[in-house]
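**Student:** Sharing data_38.cif (mmCIF, C-alpha atoms and all ligand atoms) below.
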data_data
loop_
_atom_site.label_atom_id
_atom_site.label_comp_id
_atom_site.auth_asym_id
_atom_site.auth_seq_id
_atom_site.Cartn_x
_atom_site.Cartn_y
_atom_site.Cartn_z
CA MET A 1 -59.46 -3.46 -101.65
CA LEU A 2 -57.71 -6.30 -103.46
CA GLN A 3 -59.00 -7.31 -106.87
CA ASP A 4 -60.94 -10.54 -107.35
CA ILE A 5 -58.73 -12.81 -109.47
CA LYS A 6 -61.84 -14.24 -111.11
CA ALA A 7 -62.57 -10.80 -112.54
CA LEU A 8 -59.57 -11.31 -114.88
CA THR A 9 -60.00 -13.00 -118.24
CA ARG A 10 -57.45 -15.65 -119.16
CA SER A 11 -55.52 -13.21 -121.35
CA GLU A 12 -55.47 -10.59 -118.57
CA LEU A 13 -54.12 -13.21 -116.18
CA LEU A 14 -51.45 -14.17 -118.73
CA ASN A 15 -50.42 -10.53 -119.05
CA TRP A 16 -50.27 -10.09 -115.29
CA LEU A 17 -48.11 -13.19 -114.87
CA GLU A 18 -45.77 -12.09 -117.63
CA ALA A 19 -45.45 -8.63 -116.06
CA HIS A 20 -44.45 -10.34 -112.80
CA GLY A 21 -41.84 -12.57 -114.41
CA GLU A 22 -43.88 -15.78 -114.26
CA LYS A 23 -44.18 -18.44 -116.98
CA PRO A 24 -47.39 -18.47 -119.08
CA TYR A 25 -48.27 -22.07 -118.17
CA ARG A 26 -48.97 -20.84 -114.64
CA ALA A 27 -52.17 -19.21 -115.91
CA ASP A 28 -53.88 -22.51 -116.73
CA GLN A 29 -52.67 -24.03 -113.47
CA ILE A 30 -54.31 -21.19 -111.55
CA LEU A 31 -57.49 -21.32 -113.65
CA LYS A 32 -57.84 -25.08 -113.06
CA TRP A 33 -57.65 -24.53 -109.32
CA LEU A 34 -60.32 -21.84 -109.58
CA TYR A 35 -62.78 -23.41 -112.00
CA VAL A 36 -62.16 -27.17 -112.02
CA ARG A 37 -61.26 -27.80 -108.38
CA LEU A 38 -63.28 -24.84 -107.08
CA VAL A 39 -60.76 -23.72 -104.47
CA ASP A 40 -61.08 -20.38 -102.70
CA GLN A 41 -57.64 -20.08 -101.08
CA PHE A 42 -54.33 -19.48 -102.84
CA GLU A 43 -52.60 -21.75 -100.26
CA GLN A 44 -54.58 -24.68 -101.65
CA MET A 45 -52.95 -24.30 -105.09
CA SER A 46 -50.34 -26.92 -104.26
CA ASP A 47 -48.61 -27.10 -107.66
CA LEU A 48 -47.65 -23.41 -107.48
CA ASN A 49 -44.46 -22.55 -105.62
CA LYS A 50 -44.79 -20.71 -102.33
CA PRO A 51 -43.46 -17.32 -103.60
CA LEU A 52 -46.05 -17.32 -106.41
CA ARG A 53 -48.86 -18.18 -104.00
CA ALA A 54 -47.72 -15.33 -101.75
CA LEU A 55 -47.53 -12.95 -104.73
CA LEU A 56 -51.07 -13.85 -105.78
CA ALA A 57 -52.38 -13.38 -102.23
CA GLU A 58 -50.65 -10.01 -102.07
CA HIS A 59 -52.47 -8.75 -105.18
CA PHE A 60 -55.76 -10.64 -105.36
CA THR A 61 -58.58 -12.21 -103.43
CA ILE A 62 -60.72 -15.15 -104.54
CA GLN A 63 -64.14 -13.66 -104.12
CA ARG A 64 -67.27 -15.74 -103.66
CA LEU A 65 -70.88 -14.71 -104.03
CA ALA A 66 -72.42 -14.54 -100.58
CA VAL A 67 -75.38 -16.88 -100.16
CA ALA A 68 -77.99 -14.64 -98.53
CA ASP A 69 -80.75 -17.26 -98.63
CA VAL A 70 -81.55 -20.72 -99.99
CA ARG A 71 -85.08 -22.04 -100.32
CA THR A 72 -85.98 -25.56 -101.33
CA ALA A 73 -89.29 -26.32 -103.01
CA ALA A 74 -91.32 -29.47 -102.50
CA ASP A 75 -90.07 -30.80 -105.87
CA GLY A 76 -86.39 -30.36 -104.84
CA THR A 77 -85.79 -27.13 -106.78
CA ARG A 78 -83.43 -24.85 -104.88
CA LYS A 79 -83.50 -21.09 -105.21
CA PHE A 80 -80.36 -19.24 -104.16
CA LEU A 81 -80.34 -15.58 -103.31
CA PHE A 82 -76.81 -14.28 -103.83
CA ARG A 83 -75.64 -10.99 -102.37
CA LEU A 84 -73.22 -9.06 -104.57
CA VAL A 85 -70.43 -6.74 -103.41
CA ASP A 86 -72.67 -3.67 -103.72
CA ASP A 87 -75.39 -5.36 -101.64
CA ARG A 88 -77.61 -5.96 -104.65
CA THR A 89 -78.98 -9.47 -104.90
CA VAL A 90 -79.70 -11.90 -107.71
CA GLU A 91 -81.49 -15.21 -107.83
CA THR A 92 -80.31 -18.47 -109.30
CA VAL A 93 -82.38 -21.63 -109.47
CA LEU A 94 -81.01 -25.18 -109.30
CA ILE A 95 -83.46 -27.58 -110.90
CA PRO A 96 -83.25 -31.36 -110.43
CA GLU A 97 -83.93 -33.33 -113.62
CA ARG A 98 -84.12 -37.10 -114.02
CA ASP A 99 -80.34 -37.74 -114.14
CA HIS A 100 -78.72 -34.32 -113.85
CA PHE A 101 -79.28 -30.75 -112.64
CA THR A 102 -79.96 -27.60 -114.63
CA LEU A 103 -79.04 -24.17 -113.32
CA CYS A 104 -81.08 -21.14 -114.29
CA VAL A 105 -78.64 -18.23 -114.24
CA SER A 106 -79.23 -14.47 -114.00
CA SER A 107 -77.34 -12.04 -116.22
CA GLN A 108 -78.45 -8.64 -114.88
CA VAL A 109 -79.85 -7.10 -111.72
CA GLY A 110 -83.32 -6.18 -113.00
CA CYS A 111 -84.02 -5.82 -116.69
CA ALA A 112 -84.68 -2.96 -119.09
CA GLN A 113 -86.91 -4.88 -121.51
CA GLY A 114 -90.15 -4.38 -119.59
CA CYS A 115 -92.01 -7.48 -120.77
CA ARG A 116 -95.52 -7.10 -119.37
CA PHE A 117 -95.76 -10.60 -117.98
CA CYS A 118 -92.44 -10.59 -116.13
CA LEU A 119 -91.85 -9.68 -112.52
CA THR A 120 -88.15 -9.01 -113.10
CA GLY A 121 -88.91 -6.44 -115.79
CA GLN A 122 -91.21 -4.36 -113.65
CA SER A 123 -88.67 -2.08 -112.05
CA GLY A 124 -86.20 -1.65 -114.88
CA LEU A 125 -82.48 -2.33 -115.08
CA VAL A 126 -80.33 -1.80 -112.01
CA ARG A 127 -77.03 -2.99 -113.50
CA ASN A 128 -75.27 -5.63 -115.54
CA LEU A 129 -73.60 -8.54 -113.79
CA THR A 130 -69.87 -8.88 -114.34
CA HIS A 131 -68.63 -12.06 -116.00
CA ALA A 132 -67.32 -13.18 -112.59
CA GLU A 133 -70.77 -12.73 -111.05
CA ILE A 134 -72.35 -14.78 -113.85
CA VAL A 135 -69.79 -17.58 -113.53
CA GLY A 136 -69.98 -17.26 -109.73
CA GLN A 137 -73.59 -18.51 -109.75
CA ALA A 138 -72.58 -21.85 -111.32
CA TRP A 139 -69.45 -21.96 -109.15
CA GLU A 140 -71.42 -21.55 -105.90
CA ALA A 141 -74.15 -23.95 -106.99
CA ARG A 142 -71.56 -26.67 -107.68
CA LYS A 143 -69.85 -25.90 -104.40
CA GLN A 144 -73.14 -26.50 -102.57
CA MET A 145 -73.83 -29.84 -104.25
CA ASP A 146 -72.87 -33.29 -102.94
CA ASP A 147 -71.90 -34.27 -106.49
CA PRO A 148 -70.94 -31.08 -108.40
CA GLY A 149 -70.50 -33.11 -111.60
CA GLN A 150 -74.26 -33.58 -111.73
CA LEU A 151 -74.73 -29.93 -112.65
CA THR A 152 -74.35 -30.27 -116.42
CA ASN A 153 -76.87 -27.85 -117.93
CA LEU A 154 -77.15 -24.08 -117.85
CA VAL A 155 -79.98 -21.89 -119.00
CA PHE A 156 -79.68 -18.11 -119.07
CA MET A 157 -83.32 -17.62 -118.20
CA GLY A 158 -83.01 -15.96 -114.81
CA MET A 159 -83.12 -12.24 -114.19
CA GLY A 160 -82.14 -9.98 -117.07
CA GLU A 161 -81.74 -10.05 -120.84
CA PRO A 162 -78.39 -11.84 -121.40
CA LEU A 163 -77.77 -10.31 -124.82
CA ALA A 164 -78.05 -6.80 -123.34
CA ASN A 165 -74.96 -7.67 -121.28
CA TYR A 166 -73.11 -9.16 -124.21
CA GLU A 167 -69.41 -8.74 -123.38
CA ASN A 168 -69.83 -10.16 -119.89
CA LEU A 169 -72.02 -12.96 -121.23
CA VAL A 170 -69.43 -14.06 -123.79
CA ALA A 171 -66.56 -13.81 -121.28
CA ALA A 172 -68.60 -15.91 -118.83
CA ILE A 173 -69.44 -18.49 -121.51
CA GLU A 174 -65.74 -18.90 -122.29
CA ILE A 175 -65.01 -19.80 -118.67
CA LEU A 176 -68.12 -21.93 -118.23
CA THR A 177 -67.51 -24.02 -121.35
CA ASN A 178 -63.74 -24.32 -121.59
CA SER A 179 -63.04 -28.03 -121.41
CA ASP A 180 -59.42 -27.73 -120.25
CA TRP A 181 -59.17 -25.09 -117.48
CA GLY A 182 -62.81 -23.95 -117.30
CA MET A 183 -66.00 -25.36 -115.83
CA LYS A 184 -66.50 -27.83 -118.71
CA PHE A 185 -70.17 -27.26 -119.50
CA ALA A 186 -70.80 -28.71 -122.97
CA THR A 187 -71.88 -25.93 -125.34
CA ARG A 188 -74.89 -27.99 -126.42
CA HIS A 189 -76.00 -27.95 -122.77
CA VAL A 190 -75.94 -24.15 -122.48
CA THR A 191 -78.98 -22.16 -123.61
CA VAL A 192 -79.21 -18.38 -123.79
CA SER A 193 -82.76 -17.10 -123.78
CA THR A 194 -83.43 -13.75 -125.41
CA ALA A 195 -86.37 -11.43 -125.89
CA GLY A 196 -84.95 -10.80 -129.37
CA LEU A 197 -82.05 -8.32 -129.53
CA VAL A 198 -81.48 -8.97 -133.20
CA PRO A 199 -77.93 -7.66 -133.78
CA ARG A 200 -76.63 -9.37 -130.65
CA LEU A 201 -78.40 -12.60 -131.56
CA LEU A 202 -76.42 -12.73 -134.77
CA ASP A 203 -73.23 -11.90 -132.85
CA LEU A 204 -73.91 -14.81 -130.51
CA GLY A 205 -74.06 -17.20 -133.46
CA ARG A 206 -70.77 -15.83 -134.73
CA ASP A 207 -68.90 -15.69 -131.40
CA THR A 208 -70.07 -18.88 -129.66
CA ARG A 209 -71.53 -22.34 -130.26
CA ILE A 210 -74.31 -21.75 -127.78
CA ASN A 211 -77.98 -22.54 -128.37
CA PRO A 212 -80.25 -19.51 -128.36
CA ALA A 213 -83.86 -19.73 -127.20
CA ILE A 214 -86.07 -17.02 -128.63
CA SER A 215 -88.84 -15.83 -126.35
CA LEU A 216 -91.59 -15.37 -128.98
CA ASN A 217 -94.93 -15.43 -127.12
CA ALA A 218 -97.05 -13.96 -129.93
CA VAL A 219 -97.77 -14.56 -133.59
CA ASP A 220 -98.15 -11.02 -134.89
CA ASP A 221 -96.54 -7.64 -134.24
CA ASP A 222 -99.52 -6.12 -132.41
CA GLY A 223 -99.74 -9.02 -130.00
CA ARG A 224 -96.00 -9.20 -129.46
CA THR A 225 -95.50 -5.46 -128.99
CA HIS A 226 -98.27 -5.53 -126.40
CA LEU A 227 -96.44 -8.24 -124.43
CA MET A 228 -92.84 -7.32 -125.23
CA PRO A 229 -91.98 -3.67 -126.01
CA ILE A 230 -88.72 -4.74 -127.67
CA ASN A 231 -90.84 -5.85 -130.62
CA ARG A 232 -91.20 -2.18 -131.62
CA LYS A 233 -87.46 -2.01 -132.22
CA TYR A 234 -87.05 -5.48 -133.69
CA PRO A 235 -90.37 -6.58 -135.17
CA LEU A 236 -91.22 -10.20 -135.86
CA ALA A 237 -90.14 -10.26 -139.51
CA GLU A 238 -86.70 -8.92 -138.59
CA LEU A 239 -86.38 -11.31 -135.65
CA LEU A 240 -87.33 -14.36 -137.70
CA ALA A 241 -84.99 -13.30 -140.51
CA ALA A 242 -82.15 -13.22 -137.94
CA CYS A 243 -83.20 -16.67 -136.73
CA ARG A 244 -82.97 -18.00 -140.29
CA GLN A 245 -79.46 -16.57 -140.58
CA TYR A 246 -78.33 -17.85 -137.17
CA ASN A 247 -75.15 -19.84 -137.38
CA LEU A 248 -76.49 -22.98 -135.70
CA PRO A 249 -74.08 -25.86 -135.00
CA ARG A 250 -74.90 -28.88 -137.14
CA GLY A 251 -77.68 -31.16 -135.91
CA ARG A 252 -79.18 -28.59 -133.55
CA LYS A 253 -82.54 -26.84 -133.64
CA LEU A 254 -83.45 -23.31 -132.67
CA THR A 255 -85.67 -23.18 -129.60
CA PHE A 256 -88.66 -20.88 -129.45
CA GLU A 257 -90.35 -20.22 -126.14
CA TYR A 258 -94.02 -19.46 -126.19
CA ILE A 259 -95.61 -18.54 -122.86
CA LEU A 260 -99.29 -19.45 -122.97
CA PHE A 261 -101.60 -16.78 -121.52
CA LYS A 262 -105.25 -17.56 -121.03
CA ASP A 263 -107.43 -15.95 -123.72
CA VAL A 264 -104.47 -13.93 -125.05
CA ASN A 265 -102.43 -16.30 -127.23
CA ASP A 266 -103.63 -19.82 -126.38
CA GLY A 267 -106.20 -20.44 -129.14
CA LEU A 268 -105.90 -22.81 -132.09
CA GLU A 269 -105.91 -19.83 -134.46
CA GLN A 270 -102.65 -18.67 -132.81
CA ALA A 271 -101.27 -22.22 -132.96
CA ARG A 272 -101.96 -22.25 -136.70
CA LYS A 273 -100.21 -18.87 -137.20
CA LEU A 274 -97.28 -19.99 -135.06
CA ALA A 275 -96.84 -23.13 -137.17
CA LYS A 276 -96.85 -20.98 -140.30
CA LEU A 277 -94.30 -18.51 -138.91
CA LEU A 278 -91.89 -21.22 -137.81
CA ALA A 279 -92.33 -23.57 -140.76
CA PRO A 280 -89.18 -22.31 -142.57
CA LEU A 281 -87.00 -22.80 -139.48
CA LYS A 282 -85.52 -25.84 -137.82
CA ALA A 283 -87.56 -25.18 -134.72
CA LYS A 284 -88.29 -26.73 -131.40
CA ILE A 285 -91.12 -25.11 -129.47
CA ASN A 286 -91.25 -24.91 -125.69
CA LEU A 287 -94.74 -24.09 -124.46
CA ILE A 288 -94.65 -22.53 -121.00
CA PRO A 289 -97.99 -22.17 -119.22
CA PHE A 290 -97.92 -18.75 -117.54
CA ASN A 291 -97.13 -18.78 -113.80
CA PRO A 292 -99.32 -16.17 -112.19
CA TYR A 293 -97.89 -14.09 -109.33
CA PRO A 294 -99.71 -11.70 -107.00
CA GLY A 295 -100.92 -8.75 -109.06
CA SER A 296 -100.07 -10.24 -112.48
CA ALA A 297 -102.29 -9.10 -115.34
CA PHE A 298 -102.45 -12.54 -116.95
CA GLU A 299 -103.82 -15.96 -116.13
CA ARG A 300 -102.81 -19.52 -116.84
CA PRO A 301 -104.75 -21.39 -119.54
CA THR A 302 -106.66 -24.57 -118.74
CA GLU A 303 -104.90 -27.91 -119.24
CA ALA A 304 -107.29 -28.70 -122.10
CA ARG A 305 -106.25 -25.53 -123.98
CA ILE A 306 -102.56 -26.23 -123.36
CA GLU A 307 -102.85 -29.80 -124.62
CA ALA A 308 -104.88 -28.76 -127.68
CA PHE A 309 -102.27 -26.11 -128.57
CA LYS A 310 -99.48 -28.64 -128.26
CA ALA A 311 -101.36 -31.33 -130.21
CA PHE A 312 -101.88 -28.92 -133.09
CA LEU A 313 -98.15 -28.16 -133.35
CA MET A 314 -97.18 -31.82 -133.02
CA ALA A 315 -99.56 -32.64 -135.86
CA LYS A 316 -97.58 -30.10 -137.92
CA HIS A 317 -94.41 -32.10 -137.09
CA PHE A 318 -92.80 -29.63 -134.70
CA THR A 319 -90.81 -30.86 -131.72
CA CYS A 320 -92.98 -29.40 -129.01
CA VAL A 321 -92.68 -29.72 -125.25
CA VAL A 322 -94.80 -28.25 -122.47
CA ARG A 323 -92.44 -26.92 -119.81
CA TYR A 324 -94.11 -27.10 -116.47
CA SER A 325 -91.97 -24.75 -114.40
CA LYS A 326 -90.63 -26.23 -111.24
CA GLY A 327 -90.33 -24.54 -107.87
CA GLN A 328 -93.59 -22.61 -108.06
CA ASP A 329 -94.13 -22.77 -104.31
CA ILE A 330 -90.93 -20.73 -103.76
CA MET A 331 -91.46 -18.30 -106.66
CA ALA A 332 -88.62 -19.85 -108.60
CA ALA A 333 -90.50 -20.46 -111.81
CA CYS A 334 -90.05 -18.55 -115.08
CA GLY A 335 -90.94 -14.88 -114.75
CA GLN A 336 -91.17 -15.05 -110.96
CA LEU A 337 -87.65 -13.98 -110.02
CA SER A 338 -87.70 -10.62 -108.31
CA THR A 339 -86.31 -10.77 -104.81
CA TYR A 340 -83.64 -8.21 -105.66
CA LEU A 341 -86.40 -5.63 -105.22
CA LYS A 342 -86.34 -6.26 -101.49
CA LYS A 343 -82.94 -5.94 -99.92
CA PRO A 344 -82.46 -8.89 -97.58
FE1 LIG B 401 -86.33 -9.02 -119.08
FE2 LIG B 401 -86.68 -11.59 -119.69
FE3 LIG B 401 -88.29 -10.37 -117.95
FE4 LIG B 401 -88.45 -9.71 -120.52
S1 LIG B 401 -88.91 -11.72 -119.64
S2 LIG B 401 -88.42 -8.27 -118.78
S3 LIG B 401 -86.31 -9.89 -121.15
S4 LIG B 401 -86.10 -10.76 -117.67
#
When written as structure tokens, how does the structure in this file appear?
Ligand code: SF4

**Tutor:**
Amino acid sequence: MLQDIKALTRSELLNWLEAHGEKPYRADQILKWLYVRLVDQFEQMSDLNKPLRALLAEHFTIQRLAVADVRTAADGTRKFLFRLVDDRTVETVLIPERDHFTLCVSSQVGCAQGCRFCLTGQSGLVRNLTHAEIVGQAWEARKQMDDPGQLTNLVFMGMGEPLANYENLVAAIEILTNSDWGMKFATRHVTVSTAGLVPRLLDLGRDTRINPAISLNAVDDDGRTHLMPINRKYPLAELLAACRQYNLPRGRKLTFEYILFKDVNDGLEQARKLAKLLAPLKAKINLIPFNPYPGSAFERPTEARIEAFKAFLMAKHFTCVVRYSKGQDIMAACGQLSTYLKKP
């Protein structure tokens, strides 16, 4: 089987071209066809000479993720089910905002972190996605849109823990954010959500200019370990110390996600502790009311509790937003992505 050209990094493509007697500038020409103009045929690369196009076609394919299913929710959110070469599937969610679209991207098939509230985490890790499979989700989403330029924001909040697939994540980010030959997502519009893999979080600050979002969800170690087993390895104090050290681009704030579970972490006492924990950090807090799914052990708090929690944090001068997940009628909301369990 021929290799997918999108599985090569830019430097691997440069090496390949050099080994075949081609000039280095050809690499960026090819990459622009792939990632800016979104072509899937070498014949369409009209500024390459015919022999080079033939050489490429002899050695590579331009692989696309197969769209196994698309569902559209009442609010316009679209959930794609992509089939991978090994027949595994991942989900990607395209969310309409007021004047742009945000894509929620998956980074792994399954997840090893085992957060108790998350459907994806329930059956463990199947495998990491390759960088081409991560980029492929944004590529296919743009390809499906009437105006691909409207997809400007990416959040790594789909299936998987992105920092547990670090090399592929960073290689994908390079392609997604390169403003010359890549997909031109602005780094300030790309958010990587993590359960808190401390060493990799610090690496991310060193290697990229991407915004992290820390999935916190509790205000003490007992509560957090109960919800998120990773807290045993990287307890709160260690995680928050890493957040303080994070190399944040100027003018940006760290985002903390706090899923509100009825009678678990939604009281004003927890809001007070949360404010105290985050006081030393430049923090923005996203409150996410839990989205129940069949068989989930948790419930969603009442609106009154959600609003009271938010009001308390706002009074403490935090930037605080309640994120009402979209696409709930098609199980596309946070923590509800799991279709890979059933092979289509
Ligand atoms: Fe994994 Fe995220 Fe689910 Fe936790 S919440 S199990 S890190 S996908």

**Student:** Please identify every polymer residue within 7 Å of ligand LIG 401 (chain B), using only C-alpha atoms and all ligand atoms, and present the set as a PyMOL selection string.

**Tutor:** chain A and resi 111-115+118-121+158-161+194-195+228+335

**Student:** For the atom pair atom CA of Val135 of chain A and atom CA of Arg250 of chain A, what is the interatomic distance in Å to one decimal place?

**Tutor:**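 Atom CA of Arg250 of chain A lies at a distance of 26.7 Å from atom CA of Val135 of chain A.
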
**Student:** Would you pick out the contacts of Thr92 of chain A at 12 Å or less, using all atoms listed in the file, so that residues sharing its chain but fewer than 2 positions from it are not included, and give the list as number ranges by chain?

**Tutor:** A: 65, 67-71, 77-83, 89-90, 94-95, 102-109, 133-141, 154-160, 327, 331-334, 336-340

**Student:** Using all atoms listed in the file, pick whichever of A:Cys243, A:Leu254, A:Ile259, A:Ala186 has the shortest atom-to-atom distance to Thr319 of chain A.

**Tutor:**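 Distance minimum relative to Thr319 of chain A lands on A:Leu254.
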
**Student:** So that I can see what lies close to Pro212 of chain A, please list as a ChimeraX atom specification the residues with an atom at most 10 Å from it, counting all atoms listed in the file and leaving out residues fewer than 3 positions away in the same chain.

**Tutor:** /A:155-156,190-194,196,201,204-205,209,215,243,246,248,253-256

**Student:** Provide the atom CA of Pro294 of chain A to atom CA of Ala66 of chain A distance in Å, to one decimal place.

**Tutor:** 28.2 Å

**Student:** Please work out which residues fall within 12 Å of (-59.8, -21.9, -101.0), coordinates as given in the file, with all atoms listed in the file counting, and return them as a PyMOL selection string.

**Tutor:** chain A and resi 30+33-35+37-46+53+57+61-64+143

**Student:** Would you export the selected residues with C-alpha atoms as a PDB file, in the coordinates of the input, please?

**Tutor:**
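What landed in out-v9.pdb:
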ATOM      1  CA  ILE A  30     -54.310 -21.190-111.550  1.00  0.00           C
ATOM      2  CA  TRP A  33     -57.650 -24.530-109.320  1.00  0.00           C
ATOM      3  CA  LEU A  34     -60.320 -21.840-109.580  1.00  0.00           C
ATOM      4  CA  TYR A  35     -62.780 -23.410-112.000  1.00  0.00           C
ATOM      5  CA  ARG A  37     -61.260 -27.800-108.380  1.00  0.00           C
ATOM      6  CA  LEU A  38     -63.280 -24.840-107.080  1.00  0.00           C
ATOM      7  CA  VAL A  39     -60.760 -23.720-104.470  1.00  0.00           C
ATOM      8  CA  ASP A  40     -61.080 -20.380-102.700  1.00  0.00           C
ATOM      9  CA  GLN A  41     -57.640 -20.080-101.080  1.00  0.00           C
ATOM     10  CA  PHE A  42     -54.330 -19.480-102.840  1.00  0.00           C
ATOM     11  CA  GLU A  43     -52.600 -21.750-100.260  1.00  0.00           C
ATOM     12  CA  GLN A  44     -54.580 -24.680-101.650  1.00  0.00           C
ATOM     13  CA  MET A  45     -52.950 -24.300-105.090  1.00  0.00           C
ATOM     14  CA  SER A  46     -50.340 -26.920-104.260  1.00  0.00           C
ATOM     15  CA  ARG A  53     -48.860 -18.180-104.000  1.00  0.00           C
ATOM     16  CA  ALA A  57     -52.380 -13.380-102.230  1.00  0.00           C
ATOM     17  CA  THR A  61     -58.580 -12.210-103.430  1.00  0.00           C
ATOM     18  CA  ILE A  62     -60.720 -15.150-104.540  1.00  0.00           C
ATOM     19  CA  GLN A  63     -64.140 -13.660-104.120  1.00  0.00           C
ATOM     20  CA  ARG A  64     -67.270 -15.740-103.660  1.00  0.00           C
ATOM     21  CA  LYS A 143     -69.850 -25.900-104.400  1.00  0.00           C
TER      22      LYS A 143
END

**Student:** Of the residues A:His100, A:Lys276, A:Arg142, A:Arg244, which is the one nearest to His189 of chain A, using all atoms listed in the file?

**Tutor:**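 Among the listed residues, the smallest separation from His189 of chain A belongs to A:His100.
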
**Student:** Hey, can you pull every residue with an atom no more than 12 Å from (-39.8, -19.6, -112.1), using all atoms listed in the file, and send it as a ChimeraX atom specification?

**Tutor:** /A:17-18,20-26,48-52

**Student:** Using all atoms listed in the file, find the one residue out of A:Ala73, A:Leu151, A:Leu268, A:Leu163 that sits nearest to Lys184 of chain A.

**Tutor:**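 Checking each candidate against Lys184 of chain A, we get A:Leu151 as the closest.
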
**Student:** Mind checking which residues fall within 7 Å of Ala27 of chain A, counting all atoms listed in the file, ignoring those fewer than 4 positions away in the same chain, and posting them as a PDB file with C-alpha atoms, in the frame of the given file?

**Tutor:**
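Once everything was written out, this is selection_39.pdb:
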ATOM      1  CA  LEU A  13     -54.120 -13.210-116.180  1.00  0.00           C
ATOM      2  CA  LEU A  14     -51.450 -14.170-118.730  1.00  0.00           C
ATOM      3  CA  LEU A  31     -57.490 -21.320-113.650  1.00  0.00           C
TER       4      LEU A  31
END

**Student:** Restricting the calculation to only C-alpha atoms: of A:Ala7, A:Val219, A:Ala54, A:Cys320, which residue gets closest to Leu277 of chain A?

**Tutor:** A:Val219

**Student:** Which residue gives the smallest distance to Pro292 of chain A among A:Lys262, A:Arg98, A:His59, A:Arg323, with all atoms listed in the file counted?

**Tutor:**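 Closest to Pro292 of chain A of all the choices is A:Lys262.
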
**Student:** How big is the axis-aligned box, and where does its centre sit, when it encloses all atoms of segment 267-278 of chain A listed in the file and has 5 Å added on every side, reported in Å to one decimal as JSON?

**Tutor:**
{"center_x": -99.0, "center_y": -20.8, "center_z": -134.7, "size_x": 24.3, "size_y": 14.6, "size_z": 21.2}

**Student:** A:Gln270, A:Asn247, A:Thr187, A:Asn15: which is nearest Asn153 of chain A, counting all atoms listed in the file?

**Tutor:**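 Nearest candidate to Asn153 of chain A out of A:Gln270, A:Asn247, A:Thr187, A:Asn15: A:Thr187.
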
**Student:** In Å, how far is it from atom CA of Leu176 of chain A to atom CA of Thr72 of chain A?

**Tutor:** 24.9 Å

**Student:** As a list of chain:residue names, please: the residues near Lys273 of chain A (cut-off 10 Å, all atoms listed in the file, same-chain neighbours under 6 positions excluded).

**Tutor:** A:Ala218, A:Val219, A:Asp220, A:Ala279

**Student:** What would segment 25-38 of chain A look like with N, CA and C atoms restored, written as a PDB file, in the coordinates of the input?

**Tutor:**
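Saved the output as result.pdb:
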ATOM      1  N   TYR A  25     -47.503 -20.876-118.518  1.00  0.00           N
ATOM      2  CA  TYR A  25     -48.270 -22.070-118.170  1.00  0.00           C
ATOM      3  C   TYR A  25     -48.890 -21.979-116.775  1.00  0.00           C
ATOM      4  N   ARG A  26     -48.401 -21.037-115.972  1.00  0.00           N
ATOM      5  CA  ARG A  26     -48.970 -20.840-114.640  1.00  0.00           C
ATOM      6  C   ARG A  26     -50.438 -20.424-114.719  1.00  0.00           C
ATOM      7  N   ALA A  27     -50.788 -19.714-115.803  1.00  0.00           N
ATOM      8  CA  ALA A  27     -52.170 -19.210-115.910  1.00  0.00           C
ATOM      9  C   ALA A  27     -53.165 -20.363-115.871  1.00  0.00           C
ATOM     10  N   ASP A  28     -52.922 -21.392-116.691  1.00  0.00           N
ATOM     11  CA  ASP A  28     -53.880 -22.510-116.730  1.00  0.00           C
ATOM     12  C   ASP A  28     -53.864 -23.305-115.430  1.00  0.00           C
ATOM     13  N   GLN A  29     -52.691 -23.361-114.781  1.00  0.00           N
ATOM     14  CA  GLN A  29     -52.670 -24.030-113.470  1.00  0.00           C
ATOM     15  C   GLN A  29     -53.593 -23.309-112.489  1.00  0.00           C
ATOM     16  N   ILE A  30     -53.480 -21.978-112.484  1.00  0.00           N
ATOM     17  CA  ILE A  30     -54.310 -21.190-111.550  1.00  0.00           C
ATOM     18  C   ILE A  30     -55.792 -21.336-111.907  1.00  0.00           C
ATOM     19  N   LEU A  31     -56.075 -21.239-113.230  1.00  0.00           N
ATOM     20  CA  LEU A  31     -57.490 -21.320-113.650  1.00  0.00           C
ATOM     21  C   LEU A  31     -58.094 -22.674-113.293  1.00  0.00           C
ATOM     22  N   LYS A  32     -57.307 -23.750-113.425  1.00  0.00           N
ATOM     23  CA  LYS A  32     -57.840 -25.080-113.060  1.00  0.00           C
ATOM     24  C   LYS A  32     -58.179 -25.148-111.568  1.00  0.00           C
ATOM     25  N   TRP A  33     -57.323 -24.547-110.746  1.00  0.00           N
ATOM     26  CA  TRP A  33     -57.650 -24.530-109.320  1.00  0.00           C
ATOM     27  C   TRP A  33     -58.956 -23.794-109.075  1.00  0.00           C
ATOM     28  N   LEU A  34     -59.123 -22.669-109.808  1.00  0.00           N
ATOM     29  CA  LEU A  34     -60.320 -21.840-109.580  1.00  0.00           C
ATOM     30  C   LEU A  34     -61.582 -22.498-110.099  1.00  0.00           C
ATOM     31  N   TYR A  35     -61.525 -23.022-111.332  1.00  0.00           N
ATOM     32  CA  TYR A  35     -62.780 -23.410-112.000  1.00  0.00           C
ATOM     33  C   TYR A  35     -63.013 -24.916-112.081  1.00  0.00           C
ATOM     34  N   VAL A  36     -61.954 -25.718-111.976  1.00  0.00           N
ATOM     35  CA  VAL A  36     -62.160 -27.170-112.020  1.00  0.00           C
ATOM     36  C   VAL A  36     -62.242 -27.702-110.582  1.00  0.00           C
ATOM     37  N   ARG A  37     -61.279 -27.268-109.755  1.00  0.00           N
ATOM     38  CA  ARG A  37     -61.260 -27.800-108.380  1.00  0.00           C
ATOM     39  C   ARG A  37     -61.997 -26.902-107.393  1.00  0.00           C
ATOM     40  N   LEU A  38     -62.431 -25.753-107.862  1.00  0.00           N
ATOM     41  CA  LEU A  38     -63.280 -24.840-107.080  1.00  0.00           C
ATOM     42  C   LEU A  38     -62.654 -24.438-105.732  1.00  0.00           C
TER      43      LEU A  38
END
